[in-house]
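S.K.: Structure: target32.cif, mmCIF, C-alpha atoms.
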```cif
data_model
#
loop_
_atom_site.label_atom_id
_atom_site.label_comp_id
_atom_site.auth_asym_id
_atom_site.auth_seq_id
_atom_site.Cartn_x
_atom_site.Cartn_y
_atom_site.Cartn_z
CA ASP C 1 32.60 154.55 -96.88
CA VAL C 2 35.04 152.57 -94.80
CA LYS C 3 37.56 150.78 -96.89
CA VAL C 4 39.44 147.70 -95.91
CA THR C 5 42.14 147.00 -98.46
CA GLN C 6 44.02 143.76 -98.80
CA SER C 7 47.22 144.11 -100.74
CA SER C 8 46.86 141.08 -103.00
CA ARG C 9 43.84 139.35 -104.55
CA TYR C 10 45.79 136.26 -105.57
CA LEU C 11 49.07 134.85 -104.29
CA VAL C 12 50.99 131.71 -105.13
CA LYS C 13 53.78 130.72 -102.76
CA ARG C 14 56.02 127.71 -102.29
CA THR C 15 55.98 125.42 -99.29
CA GLY C 16 58.30 126.74 -96.60
CA GLU C 17 58.21 130.36 -97.74
CA LYS C 18 57.44 133.15 -95.28
CA VAL C 19 54.26 134.88 -96.44
CA PHE C 20 52.95 138.30 -95.49
CA LEU C 21 49.31 139.26 -96.04
CA GLU C 22 48.66 142.94 -95.53
CA CYS C 23 45.43 144.67 -94.56
CA VAL C 24 44.85 148.41 -94.28
CA GLN C 25 41.71 150.23 -93.13
CA ASP C 26 41.12 153.94 -93.53
CA MET C 27 38.55 154.79 -90.86
CA ASP C 28 40.48 154.66 -87.60
CA HIS C 29 38.86 151.40 -86.51
CA GLU C 30 40.13 149.91 -83.26
CA ASN C 31 39.48 146.25 -84.04
CA MET C 32 40.91 144.27 -86.89
CA PHE C 33 40.51 140.59 -87.71
CA TRP C 34 41.95 137.90 -89.92
CA TYR C 35 39.76 135.01 -91.06
CA ARG C 36 40.26 132.12 -93.40
CA GLN C 37 37.40 130.74 -95.44
CA ASP C 38 37.27 127.16 -96.62
CA PRO C 39 34.47 125.27 -98.40
CA GLY C 40 32.11 123.63 -95.95
CA LEU C 41 33.80 125.24 -92.95
CA GLY C 42 32.76 128.85 -93.34
CA LEU C 43 34.83 131.66 -91.88
CA ARG C 44 37.16 130.85 -89.02
CA LEU C 45 38.93 133.45 -86.92
CA ILE C 46 42.72 133.26 -86.94
CA TYR C 47 43.71 136.33 -84.91
CA PHE C 48 42.27 139.65 -83.95
CA SER C 49 43.64 142.89 -82.58
CA TYR C 50 41.87 145.51 -80.51
CA ASP C 51 44.66 148.06 -80.41
CA VAL C 52 48.11 148.80 -81.70
CA LYS C 53 50.58 146.10 -80.66
CA MET C 54 47.74 144.07 -79.08
CA LYS C 55 46.69 140.72 -80.46
CA GLU C 56 44.50 137.83 -79.43
CA LYS C 57 44.34 134.30 -80.77
CA GLY C 58 41.22 133.22 -82.52
CA ASP C 59 40.01 129.69 -83.17
CA ILE C 60 42.83 128.53 -85.46
CA PRO C 61 46.05 130.48 -84.75
CA GLU C 62 48.47 127.59 -85.27
CA GLY C 63 50.94 128.28 -88.07
CA TYR C 64 50.16 131.99 -88.13
CA SER C 65 51.32 135.15 -86.42
CA VAL C 66 50.21 138.77 -86.71
CA SER C 67 51.61 142.24 -86.40
CA ARG C 68 49.90 145.53 -85.68
CA GLU C 69 52.47 148.30 -85.46
CA LYS C 70 50.09 151.01 -86.67
CA LYS C 71 46.37 151.34 -86.05
CA GLU C 72 45.45 151.18 -89.72
CA ARG C 73 47.52 148.12 -90.65
CA PHE C 74 47.16 144.50 -89.57
CA SER C 75 49.47 141.92 -91.08
CA LEU C 76 49.05 138.16 -91.13
CA ILE C 77 52.26 136.17 -91.31
CA LEU C 78 52.69 132.57 -92.34
CA GLU C 79 56.11 131.75 -90.91
CA SER C 80 56.60 128.67 -93.08
CA ALA C 81 53.78 128.21 -95.57
CA SER C 82 52.29 124.75 -95.94
CA THR C 83 49.85 123.34 -98.46
CA ASN C 84 47.07 123.12 -95.85
CA GLN C 85 47.21 126.90 -95.59
CA THR C 86 45.89 127.21 -99.13
CA SER C 87 42.70 129.19 -98.56
CA MET C 88 40.84 132.46 -98.96
CA TYR C 89 41.99 134.95 -96.32
CA LEU C 90 39.70 137.79 -95.32
CA CYS C 91 40.52 140.82 -93.24
CA ALA C 92 37.83 142.79 -91.41
CA SER C 93 37.66 145.80 -89.14
CA SER C 94 35.17 147.32 -86.71
CA LEU C 95 35.04 150.54 -84.76
CA SER C 96 34.85 149.42 -81.15
CA TRP C 97 33.86 146.64 -78.75
CA THR C 98 30.28 147.80 -78.81
CA ASP C 99 30.06 148.20 -82.55
CA TYR C 100 29.25 144.95 -84.23
CA GLY C 101 29.29 146.42 -87.70
CA TYR C 102 32.03 144.75 -89.65
CA THR C 103 33.68 145.86 -92.87
CA PHE C 104 35.44 143.16 -94.83
CA GLY C 105 38.25 143.38 -97.34
CA SER C 106 37.93 141.77 -100.75
CA GLY C 107 40.01 138.76 -99.75
CA THR C 108 43.32 137.19 -100.74
CA ARG C 109 43.24 133.77 -102.34
CA LEU C 110 46.49 132.10 -101.32
CA THR C 111 47.74 128.95 -102.99
CA VAL C 112 50.72 127.14 -101.47
CA VAL C 113 52.40 124.72 -103.84
CA LYS Z 114 27.97 120.87 -83.70
CA ASN Z 115 27.77 124.19 -85.49
CA GLU Z 116 26.58 127.14 -83.50
CA VAL Z 117 25.05 128.60 -86.66
CA GLU Z 118 23.12 126.50 -89.17
CA GLN Z 119 21.93 127.80 -92.53
CA SER Z 120 19.49 126.32 -94.95
CA PRO Z 121 19.41 125.58 -97.75
CA GLN Z 122 23.07 125.13 -98.64
CA ASN Z 123 22.35 125.66 -102.33
CA LEU Z 124 19.42 127.36 -103.98
CA THR Z 125 18.52 127.89 -107.63
CA ALA Z 126 15.66 130.20 -108.50
CA GLN Z 127 14.06 131.70 -111.59
CA GLU Z 128 14.30 135.43 -112.03
CA GLY Z 129 11.41 137.12 -110.24
CA GLU Z 130 10.92 134.46 -107.60
CA PHE Z 131 10.66 135.21 -103.88
CA ILE Z 132 13.59 133.69 -102.03
CA THR Z 133 14.02 132.79 -98.37
CA ILE Z 134 17.25 131.77 -96.66
CA ASN Z 135 17.11 130.58 -93.08
CA CYS Z 136 19.54 130.80 -90.18
CA SER Z 137 19.24 129.07 -86.81
CA TYR Z 138 21.69 129.57 -83.98
CA SER Z 139 22.28 128.01 -80.60
CA VAL Z 140 24.25 130.69 -78.73
CA GLY Z 141 23.14 133.85 -77.00
CA ILE Z 142 23.64 136.76 -79.34
CA SER Z 143 24.28 140.45 -79.31
CA ALA Z 144 23.56 140.95 -82.99
CA LEU Z 145 23.09 138.92 -86.15
CA HIS Z 146 24.54 139.83 -89.54
CA TRP Z 147 23.61 138.83 -93.02
CA LEU Z 148 26.59 139.01 -95.35
CA GLN Z 149 26.84 138.72 -99.14
CA GLN Z 150 29.83 137.36 -101.01
CA HIS Z 151 30.03 137.47 -104.80
CA PRO Z 152 32.20 134.93 -106.64
CA GLY Z 153 35.86 135.76 -106.16
CA GLY Z 154 34.94 138.86 -104.22
CA GLY Z 155 35.00 140.17 -100.74
CA ILE Z 156 32.17 140.19 -98.26
CA VAL Z 157 29.62 142.94 -97.90
CA SER Z 158 27.49 143.39 -94.81
CA LEU Z 159 23.81 143.56 -95.80
CA PHE Z 160 22.13 143.80 -92.43
CA MET Z 161 22.93 143.90 -88.76
CA LEU Z 162 19.93 143.27 -86.53
CA SER Z 163 19.20 142.36 -82.96
CA SER Z 164 15.39 142.36 -83.07
CA GLY Z 165 12.43 142.67 -85.41
CA LYS Z 166 12.85 143.32 -89.08
CA LYS Z 167 14.91 145.44 -91.45
CA LYS Z 168 14.31 146.23 -95.11
CA HIS Z 169 16.71 147.51 -97.73
CA GLY Z 170 15.39 147.66 -101.27
CA ARG Z 171 14.33 144.15 -102.26
CA LEU Z 172 16.00 142.58 -99.22
CA ILE Z 173 14.24 141.93 -95.93
CA ALA Z 174 15.81 140.42 -92.82
CA THR Z 175 13.86 139.22 -89.81
CA ILE Z 176 14.93 137.80 -86.49
CA ASN Z 177 13.04 135.95 -83.75
CA ILE Z 178 15.16 136.06 -80.62
CA GLN Z 179 13.00 133.59 -78.69
CA GLU Z 180 13.18 130.99 -81.44
CA LYS Z 181 16.84 131.81 -82.24
CA HIS Z 182 16.05 132.09 -85.90
CA SER Z 183 16.55 134.63 -88.65
CA SER Z 184 15.47 134.76 -92.28
CA LEU Z 185 16.72 136.69 -95.26
CA HIS Z 186 14.13 137.30 -97.98
CA ILE Z 187 14.76 138.54 -101.49
CA THR Z 188 11.74 139.77 -103.41
CA ALA Z 189 11.63 139.84 -107.23
CA SER Z 190 14.98 138.06 -107.46
CA HIS Z 191 17.41 139.03 -110.19
CA PRO Z 192 20.50 137.30 -111.63
CA ARG Z 193 22.70 139.92 -109.97
CA ASP Z 194 21.50 138.55 -106.61
CA SER Z 195 23.49 135.38 -107.34
CA ALA Z 196 26.01 135.14 -104.51
CA VAL Z 197 26.77 133.32 -101.30
CA TYR Z 198 24.77 134.60 -98.35
CA ILE Z 199 26.31 134.11 -94.92
CA CYS Z 200 24.66 134.39 -91.52
CA ALA Z 201 26.97 135.56 -88.73
CA VAL Z 202 26.10 135.73 -85.06
CA GLY Z 203 27.85 138.09 -82.67
CA HIS Z 204 28.27 136.34 -79.35
CA THR Z 205 30.32 138.25 -76.77
CA GLY Z 206 32.85 140.95 -77.37
CA ASN Z 207 34.22 140.36 -80.80
CA GLN Z 208 33.48 136.66 -80.96
CA PHE Z 209 31.47 135.74 -84.04
CA TYR Z 210 30.08 132.46 -85.27
CA PHE Z 211 29.55 132.08 -88.99
CA GLY Z 212 27.25 129.82 -90.95
CA THR Z 213 28.76 127.99 -93.91
CA GLY Z 214 26.72 130.02 -96.35
CA THR Z 215 23.89 129.56 -98.84
CA SER Z 216 24.90 129.63 -102.49
CA LEU Z 217 22.15 131.32 -104.51
CA THR Z 218 21.91 131.19 -108.29
CA VAL Z 219 19.18 133.18 -110.01
CA ILE Z 220 18.52 132.09 -113.59
CA PRO Z 221 17.25 134.64 -116.14
#
```
Take the structure from the file and write it as structure tokens.

M.R.:
Amino acid sequence: DVKVTQSSRYLVKRTGEKVFLECVQDMDHENMFWYRQDPGLGLRLIYFSYDVKMKEKGDIPEGYSVSREKKERFSLILESASTNQTSMYLCASSLSWTDYGYTFGSGTRLTVV
Amino acid sequence: KNEVEQSPQNLTAQEGEFITINCSYSVGISALHWLQQHPGGGIVSLFMLSSGKKKHGRLIATINIQEKHSSLHITASHPRDSAVYICAVGHTGNQFYFGTGTSLTVIP
């Protein structure tokens, strides 16, 4: 089974801190994604990457950046955390452009105080 | 306007009942996913379908491309089915639209 592992289940950070959310997949998937999930809004795409060092903005990239130095790892960075970034963050991966099968991580619930 | 609409938003059922969750979408799709999210947990993909019907155990998913509508059915529901069920529509490339989810509670 493909595994998508997110490094933390729960995180509490202070306003202004730089926050790193890590995601690792173990099946050589090309595409990786970061979503945030908020009540009533569903999942919204922040960034995605289709190859090492490649990234594309999703629907809500403001306040976030990403890094993909290795194929298996996709990091989401909050340069200066704010309270409106308190959310559930979900990482996902898929094999290729033509493969619409997604595998999701278990999520990181981030609280910014 | 949401590209993907789910109904109902919340659903409570007695154990053993037959459950239906609906998903309507307004965009052209490549594939539609039904996802399951347990409280505090990650998301698991239940089905990916682009036509017809798929069955896995007590779960059945159907899609009508012409009507832009999909349903997820759960037969003989059980408390362990309690979760949020999310409809996701693959549009082009890796662009997905997600419904806001249906929260299902099955009471023993």

S.K.: Provide as number ranges by chain the residues of chain C at most 9 Å from chain Z, counting all atoms listed in the file.

M.R.: C: 9, 31, 38-45, 48, 58, 90, 97-98, 100-109

S.K.: Residues picked by the PyMOL selection byres ((chain C and resi 33) around 7) here, as a compact mmCIF listing (two decimals) with C-alpha atoms, keeping the file's coordinate frame?

M.R.:
```txt
# COMPACT_ATOMS: atom_id res chain seq x y z
CA ASN C 31 39.48 146.25 -84.04
CA MET C 32 40.91 144.27 -86.89
CA TRP C 34 41.95 137.90 -89.92
CA TYR C 35 39.76 135.01 -91.06
CA TYR C 47 43.71 136.33 -84.91
CA PHE C 48 42.27 139.65 -83.95
CA SER C 49 43.64 142.89 -82.58
CA CYS C 91 40.52 140.82 -93.24
CA ALA C 92 37.83 142.79 -91.41
CA SER C 93 37.66 145.80 -89.14
```

S.K.: Identify, on the basis of all atoms listed in the file, every residue whose closest approach to Ala81 in chain C does not exceed 7 Å; exclude the query and any residue fewer than 2 positions from it along the same chain; express the result as a PyMOL selection string.

M.R.: chain C and resi 15-19+78-79+83+85+112

S.K.: Tell me which protein, DNA and RNA residues are within 10 Å of Ser120 in chain Z, counting only C-alpha atoms, leaving out same-chain ones fewer than 5 positions away, and put them as a PDB file with C-alpha atoms, in the coordinates of the input.

M.R.:
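Contents of the output file result.pdb:
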```
ATOM      1  CA  THR Z 133      14.020 132.790 -98.370  1.00  0.00           C
ATOM      2  CA  ILE Z 134      17.250 131.770 -96.660  1.00  0.00           C
ATOM      3  CA  ASN Z 135      17.110 130.580 -93.080  1.00  0.00           C
ATOM      4  CA  CYS Z 136      19.540 130.800 -90.180  1.00  0.00           C
ATOM      5  CA  SER Z 137      19.240 129.070 -86.810  1.00  0.00           C
ATOM      6  CA  SER Z 184      15.470 134.760 -92.280  1.00  0.00           C
ATOM      7  CA  GLY Z 212      27.250 129.820 -90.950  1.00  0.00           C
ATOM      8  CA  THR Z 213      28.760 127.990 -93.910  1.00  0.00           C
ATOM      9  CA  GLY Z 214      26.720 130.020 -96.350  1.00  0.00           C
ATOM     10  CA  THR Z 215      23.890 129.560 -98.840  1.00  0.00           C
ATOM     11  CA  SER Z 216      24.900 129.630-102.490  1.00  0.00           C
TER      12      SER Z 216
END
```

S.K.: Would you mind telling me which residue in Z:Asp194, Z:Ile220, Z:Gln119, Z:Ala126 lies nearest to Leu172 in chain Z when using only C-alpha atoms?

M.R.: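 For Leu172 in chain Z, the nearest of the candidates is Z:Asp194.
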
S.K.: If the PyMOL selection byres ((chain C and resi 51) around 7) were run on this exact file, what residues would it hold? Put them as number ranges by chain.

M.R.: C: 30-31, 49-50, 52-54, 71

S.K.: When you draw a straight line from CA of Lys167 in chain Z to CA of Ile187 in chain Z, how long is it in Å?

M.R.: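 Answer for the CA of Lys167 in chain Z to CA of Ile187 in chain Z separation: 12.2 Å.
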
S.K.: Give the answer as one residue: which of C:Lys13, C:Leu110, C:Glu22, C:Ser82 has the shortest atom-to-atom distance to Glu62 in chain C, using only C-alpha atoms?

M.R.: C:Ser82

S.K.: To one decimal in Å, tell me the separation between CA of Leu217 in chain Z and CA of Gln37 in chain C.

M.R.: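 So the two atoms, CA of Leu217 in chain Z and CA of Gln37 in chain C, lie 17.8 Å apart.
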
S.K.: Can you pull out every residue within 12 Å of Gly129 in chain Z, counting only C-alpha atoms, but drop anything in the same chain fewer than 6 positions away, and send it as a VMD selection string?

M.R.: chain Z and resid 171 187 to 194 219 to 221

S.K.: Those same residues - C-alpha atoms - I'd like them written as a PDB file, in the frame of the given file.

M.R.:
```
ATOM      1  CA  ARG Z 171      14.330 144.150-102.260  1.00  0.00           C
ATOM      2  CA  ILE Z 187      14.760 138.540-101.490  1.00  0.00           C
ATOM      3  CA  THR Z 188      11.740 139.770-103.410  1.00  0.00           C
ATOM      4  CA  ALA Z 189      11.630 139.840-107.230  1.00  0.00           C
ATOM      5  CA  SER Z 190      14.980 138.060-107.460  1.00  0.00           C
ATOM      6  CA  HIS Z 191      17.410 139.030-110.190  1.00  0.00           C
ATOM      7  CA  PRO Z 192      20.500 137.300-111.630  1.00  0.00           C
ATOM      8  CA  ARG Z 193      22.700 139.920-109.970  1.00  0.00           C
ATOM      9  CA  ASP Z 194      21.500 138.550-106.610  1.00  0.00           C
ATOM     10  CA  VAL Z 219      19.180 133.180-110.010  1.00  0.00           C
ATOM     11  CA  ILE Z 220      18.520 132.090-113.590  1.00  0.00           C
ATOM     12  CA  PRO Z 221      17.250 134.640-116.140  1.00  0.00           C
TER      13      PRO Z 221
END
```
